[in-house]
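Visitor: Enclosed is the structure file input.cif (mmCIF, C-alpha atoms).
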data_coords
loop_
_atom_site.label_atom_id
_atom_site.label_comp_id
_atom_site.auth_asym_id
_atom_site.auth_seq_id
_atom_site.Cartn_x
_atom_site.Cartn_y
_atom_site.Cartn_z
CA MET A 1 26.79 44.05 -12.61
CA ASN A 2 23.01 44.31 -12.32
CA ALA A 3 21.38 41.82 -9.95
CA ILE A 4 17.92 40.97 -8.68
CA LEU A 5 16.42 39.29 -5.65
CA LEU A 6 13.27 37.30 -6.43
CA LEU A 7 11.09 36.09 -3.56
CA GLU A 8 8.75 33.11 -3.77
CA ASP A 9 5.68 35.37 -3.62
CA GLY A 10 6.85 37.10 -6.82
CA THR A 11 8.29 40.23 -5.18
CA ILE A 12 11.37 41.55 -7.01
CA PHE A 13 14.16 43.82 -5.74
CA GLU A 14 16.67 45.24 -8.21
CA GLY A 15 20.21 46.11 -7.17
CA LYS A 16 23.89 45.65 -7.88
CA GLY A 17 25.75 42.39 -7.56
CA PHE A 18 28.87 41.96 -5.41
CA GLY A 19 30.80 39.05 -4.02
CA SER A 20 30.82 35.84 -6.02
CA GLN A 21 29.08 36.13 -9.39
CA GLY A 22 26.22 33.73 -10.10
CA GLN A 23 22.96 32.64 -8.52
CA ALA A 24 21.96 31.44 -5.08
CA CYS A 25 18.72 29.99 -3.63
CA GLY A 26 17.89 29.95 0.07
CA GLU A 27 15.56 31.14 2.78
CA VAL A 28 15.65 34.95 2.97
CA VAL A 29 15.99 36.17 6.58
CA PHE A 30 17.21 39.32 8.33
CA ASN A 31 19.70 40.06 11.10
CA THR A 32 19.55 43.25 13.19
CA SER A 33 23.20 43.27 14.32
CA MET A 34 25.22 46.42 13.61
CA CYS A 35 28.47 44.47 13.25
CA GLY A 36 29.81 40.93 13.28
CA TYR A 37 29.02 40.12 9.65
CA GLN A 38 32.05 37.83 9.29
CA GLU A 39 30.99 35.73 12.28
CA ILE A 40 27.43 35.67 10.94
CA LEU A 41 28.53 34.50 7.49
CA THR A 42 30.63 31.68 8.98
CA ASP A 43 28.01 30.52 11.51
CA PRO A 44 26.85 27.05 10.36
CA SER A 45 23.36 27.87 11.66
CA TYR A 46 22.94 30.03 8.53
CA ASN A 47 23.33 27.06 6.20
CA GLU A 48 20.98 27.46 3.18
CA GLN A 49 19.96 30.99 4.20
CA ILE A 50 20.26 34.34 2.44
CA ILE A 51 21.01 36.96 5.10
CA THR A 52 19.74 40.53 4.98
CA MET A 53 21.60 42.96 7.23
CA THR A 54 19.32 45.70 8.57
CA TYR A 55 22.21 48.05 9.41
CA PRO A 56 22.66 50.18 6.25
CA LEU A 57 26.48 50.16 5.87
CA ILE A 58 28.22 46.79 5.96
CA GLY A 59 31.88 46.01 5.34
CA ASN A 60 33.34 49.20 6.82
CA TYR A 61 35.89 47.33 8.99
CA GLY A 62 36.68 44.62 6.44
CA THR A 63 37.47 41.01 7.33
CA ASN A 64 40.35 39.19 9.02
CA ASP A 65 41.81 35.76 9.62
CA GLU A 66 40.63 35.39 13.22
CA ASP A 67 36.88 36.07 13.31
CA TYR A 68 35.74 32.76 11.85
CA GLU A 69 33.02 30.77 13.62
CA SER A 70 33.73 27.72 11.44
CA SER A 71 36.09 26.78 8.62
CA LYS A 72 34.07 28.52 5.87
CA CYS A 73 31.04 30.64 5.00
CA HIS A 74 27.75 28.78 5.25
CA ALA A 75 25.33 31.52 4.14
CA ARG A 76 23.96 31.04 0.61
CA GLY A 77 23.72 34.76 -0.08
CA PHE A 78 24.22 38.21 1.46
CA ILE A 79 22.00 41.31 1.11
CA VAL A 80 23.06 44.82 2.18
CA LYS A 81 21.93 48.38 1.56
CA GLU A 82 25.48 49.59 0.96
CA ASN A 83 28.71 47.59 0.76
CA CYS A 84 31.84 49.46 1.83
CA ASP A 85 34.70 48.81 -0.60
CA TYR A 86 37.22 50.86 1.42
CA PRO A 87 37.36 49.29 4.90
CA SER A 88 39.43 50.82 7.68
CA ASN A 89 40.51 48.74 10.66
CA TRP A 90 43.86 47.66 12.07
CA ARG A 91 42.79 44.01 11.85
CA ASN A 92 41.49 44.18 8.27
CA SER A 93 43.05 41.81 5.72
CA LYS A 94 40.58 42.07 2.81
CA SER A 95 37.33 43.78 1.88
CA LEU A 96 33.96 42.13 2.31
CA ASN A 97 33.57 41.99 -1.47
CA GLU A 98 36.86 40.08 -1.82
CA TYR A 99 35.96 37.86 1.12
CA LEU A 100 32.62 36.84 -0.41
CA LYS A 101 34.32 36.11 -3.73
CA ASP A 102 36.88 33.88 -2.01
CA HIS A 103 34.09 31.96 -0.23
CA ASN A 104 31.68 31.74 -3.22
CA VAL A 105 28.92 33.73 -1.53
CA VAL A 106 26.60 35.65 -3.87
CA GLY A 107 25.73 39.17 -2.73
CA ILE A 108 23.41 42.00 -3.73
CA GLU A 109 23.57 45.65 -2.62
CA GLY A 110 21.67 48.83 -3.35
CA ILE A 111 18.19 47.52 -2.61
CA ASP A 112 15.81 49.00 -0.07
CA THR A 113 16.58 46.68 2.85
CA ARG A 114 14.03 48.47 5.05
CA LYS A 115 11.30 47.57 2.58
CA LEU A 116 12.56 43.98 2.32
CA VAL A 117 12.68 43.50 6.10
CA ARG A 118 9.21 44.96 6.53
CA HIS A 119 7.95 42.59 3.81
CA ILE A 120 9.49 39.59 5.62
CA ARG A 121 8.03 40.72 8.96
CA GLU A 122 4.56 40.99 7.42
CA LYS A 123 4.63 37.94 5.12
CA GLY A 124 7.17 35.76 6.93
CA ALA A 125 10.58 34.39 5.95
CA MET A 126 10.39 32.86 2.50
CA ARG A 127 12.47 31.25 -0.20
CA GLY A 128 14.37 33.57 -2.51
CA ILE A 129 16.96 33.64 -5.27
CA ILE A 130 19.72 36.18 -6.00
CA SER A 131 20.87 36.34 -9.61
CA HIS A 132 23.71 38.36 -11.17
CA GLY A 133 23.34 39.28 -14.82
CA ASP A 134 20.64 36.76 -15.75
CA THR A 135 17.42 38.50 -14.79
CA ALA A 136 14.96 36.37 -16.78
CA VAL A 137 12.25 36.17 -14.12
CA ASP A 138 10.50 33.11 -15.54
CA THR A 139 13.75 31.12 -15.47
CA LEU A 140 14.51 32.23 -11.92
CA LYS A 141 10.98 31.34 -10.79
CA ALA A 142 11.46 27.79 -12.08
CA GLU A 143 14.76 27.46 -10.23
CA LEU A 144 13.27 28.87 -7.04
CA GLU A 145 10.31 26.49 -7.17
CA SER A 146 12.72 23.55 -7.25
CA TYR A 147 14.33 24.62 -3.97
CA PRO A 148 12.62 22.66 -1.14
CA GLY A 149 13.17 25.11 1.75
CA LEU A 150 14.06 24.12 5.33
CA VAL A 151 10.94 22.58 6.88
CA GLY A 152 11.08 18.80 7.32
CA ARG A 153 14.66 18.47 6.06
CA ASP A 154 17.89 17.43 7.78
CA ILE A 155 20.50 20.03 6.81
CA VAL A 156 22.68 19.38 9.86
CA GLU A 157 24.44 16.56 8.02
CA GLN A 158 25.81 19.17 5.58
CA VAL A 159 27.68 21.07 8.33
CA SER A 160 28.57 18.53 11.04
CA THR A 161 32.11 17.18 11.33
CA THR A 162 32.68 13.75 9.79
CA LYS A 163 35.09 12.60 12.50
CA ALA A 164 35.77 13.36 16.15
CA TYR A 165 38.48 15.84 17.12
CA GLU A 166 39.92 17.61 20.17
CA TRP A 167 39.51 21.39 20.62
CA THR A 168 42.11 23.16 22.76
CA GLN A 169 41.96 26.87 21.82
CA GLY A 170 40.53 29.41 24.27
CA VAL A 171 39.17 32.87 23.53
CA ALA A 172 41.67 34.86 21.44
CA ASN A 173 43.39 37.80 23.11
CA VAL A 174 43.39 40.18 20.11
CA ILE A 175 43.32 43.52 21.97
CA GLY A 176 45.57 42.78 24.93
CA GLU A 177 42.86 42.17 27.52
CA LYS A 178 43.72 40.04 30.54
CA GLN A 179 42.77 36.46 29.87
CA PRO A 180 40.49 34.71 32.37
CA GLU A 181 42.07 32.28 34.79
CA ILE A 182 41.39 28.72 33.69
CA PRO A 183 40.39 26.38 36.54
CA THR A 184 43.04 23.80 37.38
CA LYS A 185 40.50 21.06 38.02
CA ARG A 186 39.55 19.79 34.61
CA TYR A 187 36.49 17.94 33.34
CA LYS A 188 36.00 16.08 30.09
CA ILE A 189 33.23 17.28 27.77
CA VAL A 190 31.82 15.64 24.66
CA ALA A 191 30.30 18.23 22.33
CA TYR A 192 27.82 17.12 19.67
CA ASP A 193 28.47 19.05 16.46
CA PHE A 194 25.15 19.97 14.88
CA GLY A 195 26.83 23.06 13.40
CA ILE A 196 28.92 24.22 16.33
CA LYS A 197 30.37 27.74 16.60
CA ARG A 198 34.01 28.08 17.51
CA ASN A 199 33.39 30.65 20.23
CA ILE A 200 31.31 28.08 22.11
CA LEU A 201 34.30 25.75 22.03
CA ARG A 202 36.64 28.56 23.12
CA LEU A 203 34.49 29.37 26.13
CA LEU A 204 34.23 25.70 27.10
CA VAL A 205 38.04 25.52 27.06
CA ASP A 206 38.22 28.68 29.17
CA GLN A 207 36.07 26.87 31.75
CA GLY A 208 38.84 24.30 32.05
CA PHE A 209 37.05 21.62 30.02
CA ASP A 210 38.86 19.07 27.88
CA VAL A 211 36.65 19.17 24.80
CA THR A 212 36.07 16.38 22.30
CA VAL A 213 33.80 17.27 19.36
CA VAL A 214 31.88 14.40 17.78
CA PRO A 215 29.71 14.06 14.65
CA ALA A 216 25.97 14.72 14.93
CA LYS A 217 25.08 11.03 14.45
CA THR A 218 27.43 9.66 17.13
CA ASP A 219 25.61 6.97 19.12
CA ALA A 220 24.92 7.68 22.80
CA LYS A 221 26.67 4.42 23.75
CA ASP A 222 29.86 5.63 22.07
CA VAL A 223 29.63 8.95 23.93
CA LEU A 224 29.19 7.23 27.31
CA ALA A 225 32.09 4.90 26.46
CA MET A 226 34.34 8.00 26.38
CA ASN A 227 33.50 8.43 30.09
CA PRO A 228 32.86 12.20 29.87
CA ASP A 229 31.80 14.40 32.78
CA GLY A 230 29.25 16.26 30.65
CA VAL A 231 27.68 16.48 27.20
CA PHE A 232 27.16 19.65 25.20
CA LEU A 233 24.50 19.97 22.46
CA SER A 234 25.46 22.59 19.91
CA ASN A 235 23.66 25.10 17.76
CA GLY A 236 22.94 24.27 14.13
CA PRO A 237 20.76 24.99 11.12
CA GLY A 238 17.20 24.23 10.15
CA ASP A 239 14.29 22.23 11.48
CA PRO A 240 14.93 20.11 14.62
CA ALA A 241 11.95 17.76 14.12
CA PRO A 242 13.48 15.53 11.38
CA LEU A 243 16.67 14.89 13.41
CA SER A 244 15.34 11.65 14.90
CA TYR A 245 18.84 10.20 15.39
CA ALA A 246 19.84 13.16 17.59
CA ILE A 247 16.61 13.06 19.58
CA GLU A 248 16.97 9.33 20.28
CA ASN A 249 20.61 9.72 21.36
CA ILE A 250 19.72 12.55 23.72
CA LYS A 251 16.93 10.43 25.23
CA ALA A 252 19.52 7.74 25.98
CA LEU A 253 21.80 10.30 27.67
CA LEU A 254 19.15 12.00 29.81
CA GLY A 255 19.67 11.28 33.49
CA GLU A 256 23.00 9.58 32.81
CA ILE A 257 25.20 12.67 32.57
CA PRO A 258 24.89 16.50 32.83
CA ILE A 259 23.72 18.05 29.57
CA PHE A 260 23.83 21.66 28.33
CA GLY A 261 22.26 22.74 25.03
CA ILE A 262 22.32 25.95 22.99
CA CYS A 263 19.91 26.95 20.19
CA LEU A 264 19.30 23.82 18.06
CA GLY A 265 20.70 21.85 21.00
CA HIS A 266 17.98 23.41 23.17
CA GLN A 267 15.31 22.40 20.68
CA LEU A 268 16.60 18.84 20.40
CA LEU A 269 16.81 18.48 24.20
CA SER A 270 13.21 19.72 24.49
CA LEU A 271 12.00 17.30 21.80
CA ALA A 272 13.78 14.45 23.57
CA MET A 273 11.75 15.32 26.68
CA GLY A 274 8.45 15.21 24.80
CA ALA A 275 7.99 18.78 23.55
CA THR A 276 6.95 19.88 20.06
CA SER A 277 8.52 22.49 17.79
CA TYR A 278 7.16 24.94 15.24
CA LYS A 279 8.48 27.44 12.70
CA LEU A 280 8.51 31.09 13.68
CA LYS A 281 7.07 33.59 11.22
CA PHE A 282 10.38 35.35 10.59
CA GLY A 283 12.68 34.06 13.34
CA HIS A 284 14.96 35.78 15.83
CA ARG A 285 18.31 36.98 14.46
CA GLY A 286 20.39 39.75 15.97
CA ALA A 287 22.48 40.84 18.93
CA ASN A 288 19.98 42.85 20.96
CA HIS A 289 17.12 40.50 21.89
CA PRO A 290 15.83 40.92 25.47
CA VAL A 291 15.34 37.73 27.48
CA LYS A 292 14.03 37.47 31.04
CA ASN A 293 15.72 35.03 33.39
CA LEU A 294 12.76 33.64 35.34
CA MET A 295 15.08 32.32 38.06
CA THR A 296 16.56 35.73 38.94
CA GLY A 297 14.11 38.21 37.42
CA LYS A 298 16.96 39.88 35.54
CA ILE A 299 16.79 40.93 31.89
CA GLU A 300 19.60 39.78 29.59
CA VAL A 301 20.39 41.33 26.21
CA THR A 302 21.18 38.35 24.00
CA SER A 303 22.47 37.26 20.61
CA GLN A 304 20.01 35.05 18.73
CA ASN A 305 19.80 33.13 15.47
CA HIS A 306 16.97 30.66 14.93
CA GLY A 307 13.88 30.18 12.79
CA PHE A 308 12.24 27.42 14.83
CA CYS A 309 11.02 27.37 18.42
CA ILE A 310 9.71 25.04 21.13
CA ASP A 311 6.03 25.21 22.08
CA LEU A 312 5.99 26.16 25.76
CA ASP A 313 2.57 24.55 26.32
CA SER A 314 3.86 21.20 25.05
CA LEU A 315 6.19 20.97 28.07
CA GLU A 316 3.37 20.87 30.63
CA ASP A 317 3.51 17.75 32.82
CA LYS A 318 6.95 16.91 31.44
CA ASP A 319 8.95 17.58 34.64
CA VAL A 320 10.51 20.52 32.80
CA GLU A 321 10.75 24.09 34.10
CA ALA A 322 10.90 27.18 31.89
CA THR A 323 13.89 29.31 32.92
CA HIS A 324 13.98 32.06 30.28
CA ILE A 325 11.39 33.89 28.15
CA ASN A 326 11.94 36.04 25.06
CA LEU A 327 10.41 39.42 25.89
CA ASN A 328 9.81 40.39 22.24
CA ASP A 329 7.16 37.71 21.69
CA ASN A 330 6.99 35.65 24.93
CA THR A 331 8.41 32.54 23.26
CA LEU A 332 10.36 29.96 25.28
CA ALA A 333 14.05 30.83 25.62
CA GLY A 334 15.35 28.34 28.19
CA ILE A 335 14.51 25.23 30.22
CA LYS A 336 15.90 22.97 32.93
CA CYS A 337 15.08 19.50 34.16
CA ASP A 338 16.72 18.74 37.50
CA SER A 339 15.75 15.06 37.47
CA LYS A 340 17.49 14.60 34.10
CA ILE A 341 20.49 16.82 34.99
CA ALA A 342 19.92 18.97 31.91
CA PHE A 343 19.35 22.58 30.91
CA SER A 344 19.40 24.62 27.72
CA VAL A 345 18.78 28.04 26.19
CA GLN A 346 17.41 29.10 22.81
CA TYR A 347 19.83 32.01 22.39
CA HIS A 348 23.63 32.29 22.14
CA PRO A 349 25.44 33.01 25.44
CA GLU A 350 28.77 32.80 23.59
CA ALA A 351 27.65 35.81 21.48
CA SER A 352 30.34 36.43 18.81
CA PRO A 353 29.00 38.84 17.86
CA GLY A 354 26.90 40.23 20.68
CA PRO A 355 26.67 41.07 24.38
CA HIS A 356 28.19 39.00 27.19
CA ASP A 357 25.21 39.14 29.57
CA SER A 358 24.63 35.38 29.45
CA ARG A 359 28.13 33.95 29.71
CA TYR A 360 27.34 32.84 33.25
CA LEU A 361 25.63 29.82 31.65
CA PHE A 362 29.04 28.27 30.99
CA ASP A 363 29.76 28.67 34.71
CA ASP A 364 26.40 27.03 35.40
CA PHE A 365 27.39 24.05 33.27
CA ARG A 366 30.62 23.58 35.18
CA ASN A 367 28.81 24.00 38.51
CA LEU A 368 26.22 21.39 37.47
CA ILE A 369 28.99 18.92 36.66
CA GLU A 370 30.74 19.54 39.99
CA LYS A 371 27.48 19.19 41.90
CA THR A 372 26.67 15.95 40.12
CA LYS A 373 30.12 14.48 40.76
CA ASN A 374 29.98 15.45 44.44
CA LYS A 375 26.72 13.54 44.79
#
Show this structure as structure tokens.

Guide:
Amino acid sequence: MNAILLLEDGTIFEGKGFGSQGQACGEVVFNTSMCGYQEILTDPSYNEQIITMTYPLIGNYGTNDEDYESSKCHARGFIVKENCDYPSNWRNSKSLNEYLKDHNVVGIEGIDTRKLVRHIREKGAMRGIISHGDTAVDTLKAELESYPGLVGRDIVEQVSTTKAYEWTQGVANVIGEKQPEIPTKRYKIVAYDFGIKRNILRLLVDQGFDVTVVPAKTDAKDVLAMNPDGVFLSNGPGDPAPLSYAIENIKALLGEIPIFGICLGHQLLSLAMGATSYKLKFGHRGANHPVKNLMTGKIEVTSQNHGFCIDLDSLEDKDVEATHINLNDNTLAGIKCDSKIAFSVQYHPEASPGPHDSRYLFDDFRNLIEKTKNK
């Protein structure tokens, strides 16, 4: 079936539809990862986004029942140069095309993704609509104009859990590797779900934490009443600035208990300490972003997925220290505040997909809790 991608600036790309038939509006972004498309599609941080994969052949190893980062796909649409309909992998259970159909994700293939990515890099991430069959541009323009975009909106409430639950599963042993030894001394963690990825929860369990996941709007008093040893602030989609409830709850927790934040959690922690945020031109999405650890001088290759960032200058005189810097554009990638017992990073140390350079941060969280308890 013929399909088109229409961008808000009027640019049109013609291709072939795959996945679920229909139309989808969202913010068009790109991801530079060579693999991991199933984890990307099921990452709640991609809520209301149409993802362009820069690697030209996608779907060659199919999909499976294990590589979910949440209970469903959150991406609005999927754009590839070439979709592989004949996957080959011992873990494969269905093709990407079948997978997208099952999860109602609209896809388009056969367009020049290099041209699209270059356009986004020059003009910035923008709203777009994918349409199968119906290619009446005037009609699609009207639908696209009605889509409000991400800035100034709370889209976390669409992906957060509605009730608290316990998470007990560690990292899956799918290829027979030796599992890490789990510490016998356990600590209780409350994890705020702003759109949390499962591999974060798995790695917290592998640290020996007893993990309770709570809804994004859970009051700080209710969290402290659980008597946890630490609080985790998760990743999630969209603009952090409108999430006033989360910012106020984090303010109430600062200095009371050790806090660790990732991605949106990093942004919310920074805002709670007086920083300001802004929208990046086209964001950071991929599994090969270099970050410098300012504490050690080492360079980490990281997995990233965010369209907003914290203004480093806004943290001056805030008793906050920058710990990591993104080497692609010198944006802030990590902070710590010793007086508030808190630290966070803008990228994804749990990867999935991506490198494992930054997994030490989960050790750092456990060490911070132990140090605090010993005091």

Visitor: Given the file shown, determine the residues that the PyMOL selection byres ((chain A and resi 360) around 12) selects; report them as a ChimeraX atom specification.

Guide: /A:203-204,207,293,300,348-350,356-359,361-367

Visitor: Carefully work through the PyMOL selection byres ((chain A and resi 124-133) around 9) for this structure and note down the residues it includes, as a VMD selection string.

Guide: chain A and resid 1 to 9 16 to 18 21 to 30 49 to 50 77 to 78 106 to 108 119 to 123 134 to 135 140 to 141 143 to 145 147 to 149 280 to 283 307

Visitor: Calculate, to one decimal in Å, the centre and edge lengths of the box along x, y and z of the file that holds all listed atoms of range 146-165 of chain A with 3 Å of margin on each side, and present them as lines of an AutoDock Vina configuration file.

Guide:
center_x = 24.7
center_y = 18.9
center_z = 4.9
size_x = 33.5
size_y = 18.5
size_z = 30.4

Visitor: Using all atoms listed in the file, collect all residues at a distance of at most 10 Å from (3.9, 24.9, 20.8) as written in the file, then present them as a list in words.

Guide: Ala275, Thr276, Ser277, Tyr278, Lys279, Cys309, Ile310, Asp311, Leu312, Asp313, Ser314, Leu315, Thr331 and Leu332 of chain A

Visitor: What is the distance, in Å and to one decimal place, between CA of Asp138 in chain A and CA of Gly10 in chain A?

Guide: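 The value is 10.3 Å.
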
Visitor: Which neighbours of Gly62 in chain A fall inside 10 Å, counting only C-alpha atoms, when residues of the same chain fewer than 2 positions from it are skipped, and could you give them as a list in words?

Guide: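 Result of the neighbour search: Tyr37, Gln38, Ile58, Gly59, Asn60, Asn64, Cys84, Asp85, Tyr86, Pro87, Ser88, Asn89, Trp90, Arg91, Asn92, Ser93, Lys94, Ser95, Leu96, Asn97, Glu98 and Tyr99 of chain A.
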
Visitor: With all atoms listed in the file as the atoms that count, which of A:Ile189, A:Leu254, A:Val213, A:Ile200 lies nearest to Tyr165 in chain A?

Guide: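 Checking each of A:Ile189, A:Leu254, A:Val213, A:Ile200 against Tyr165 in chain A, counting all atoms listed in the file, the winner is A:Val213.
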
Visitor: Which value, in Å to one decimal, gives the distance between CA of Trp167 in chain A and CA of Lys336 in chain A?

Guide: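 Between CA of Trp167 in chain A and CA of Lys336 in chain A the gap is 26.7 Å.
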
Visitor: For the structure provided, state which residues fall under the PyMOL selection byres ((chain A and resi 180) around 12), and present them as a list in words.

Guide: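 This file, filtered by the PyMOL selection byres ((chain A and resi 180) around 12), leaves Gly170, Val171, Ala172, Asn173, Glu177, Lys178, Gln179, Glu181, Ile182, Pro183, Arg202, Leu203, Val205, Asp206, Gln207 and Gly208 of chain A.
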
Visitor: Residues of range 190-281 of chain A that have any atom at most 7 Å from an atom of range 341-347 of chain A: could you tabulate them with the shortest-distance atom pair and the distance in Å to one decimal, using all atoms listed in the file, ordered by chain and increasing number, as a tab-separated table?

Guide:
residue	atom	partner	partner_atom	distance
A:Gly255	CA	A:Ile341	CA	5.8
A:Ile257	CA	A:Ile341	CA	6.7
A:Pro258	CA	A:Ile341	CA	4.9
A:Ile259	CA	A:Ala342	CA	4.6
A:Phe260	CA	A:Phe343	CA	5.3
A:Gly261	CA	A:Ser344	CA	4.4
A:Ile262	CA	A:Val345	CA	5.2
A:Cys263	CA	A:Gln346	CA	4.2
A:His266	CA	A:Ser344	CA	4.9

Visitor: Hey, can you check how far CA of Met53 in chain A sits from CA of Thr302 in chain A?

Guide: 17.4 Å

Visitor: Nearest to Leu116 in chain A among A:Lys101, A:Lys81, A:Lys292, A:Arg153, with distances taken over all atoms listed in the file: which residue is it?

Guide: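 That would be A:Lys81, the residue with the smallest distance to Leu116 in chain A.
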
Visitor: So, counting all atoms listed in the file, which residue among A:Val301, A:Leu269, A:Ile111, A:Ile325 is closest to Lys340 in chain A?

Guide: A:Leu269

Visitor: Using only C-alpha atoms, which of A:Met226, A:Ala216, A:Val117, A:Ile79 sits nearest Val156 in chain A?

Guide: A:Ala216
